[in-house]
Amino acid sequence: MVKNSFISLIPQEEKEENRGSVEFQVFSFTNKIRRLTSHLELHRKDYLSQRGLRKILGKRQRLLAYLSKKNRVRYNKLIGQLDIREPKTR
């Protein structure tokens with residue numbers, strides 16, 4: 001498996017303090033999602049990993065929905081940093 005360079009947007013000091021914050025949880029789920037996606041590109045029939053990926057995607061989606069309801073500014077900043085969604089245009 002090829003090693004990927006994962007994101008480190010959160011400084012080391014903040015990682016120690018805010019491991020329970022929504023931003024840190026979304027950040028760690030995003031790293032897991034990217035790692036599993038690269039794994040599944042090589043191993044297409046790994047159905048247990050596909051199931052795990054779907055579970056993590058659901059958790060991240062629920063956390064992002066919570067954050068968008070509670071604090072829209074933090075949500076937009078996090079989405080911009082992680083580059084995980086395209087902005088909706090109306």
# chains A, B, ... in the order shown; residues from 1 in each chain; ligands from 1
>>> residues_around(residues="Phe27 of chain A", least_positions_apart="2", cutoff="12 Å", atoms="only C-alpha atoms", output="MDAnalysis selection string")
chainID A and resid 6:10 15 18:25 29:34 56 59:60 63:64 78:79 81:84
>>> atom_distance(atom1="atom CA of Ala65 of chain A", atom2="atom CA of Leu40 of chain A")
26.2 Å
>>> atom_distance(atom1="atom CA of Lys69 of chain A", atom2="atom CA of Ser28 of chain A")
20.6 Å
>>> atom_distance(atom1="atom CA of Gly52 of chain A", atom2="atom CA of Asn71 of chain A")
28.2 Å
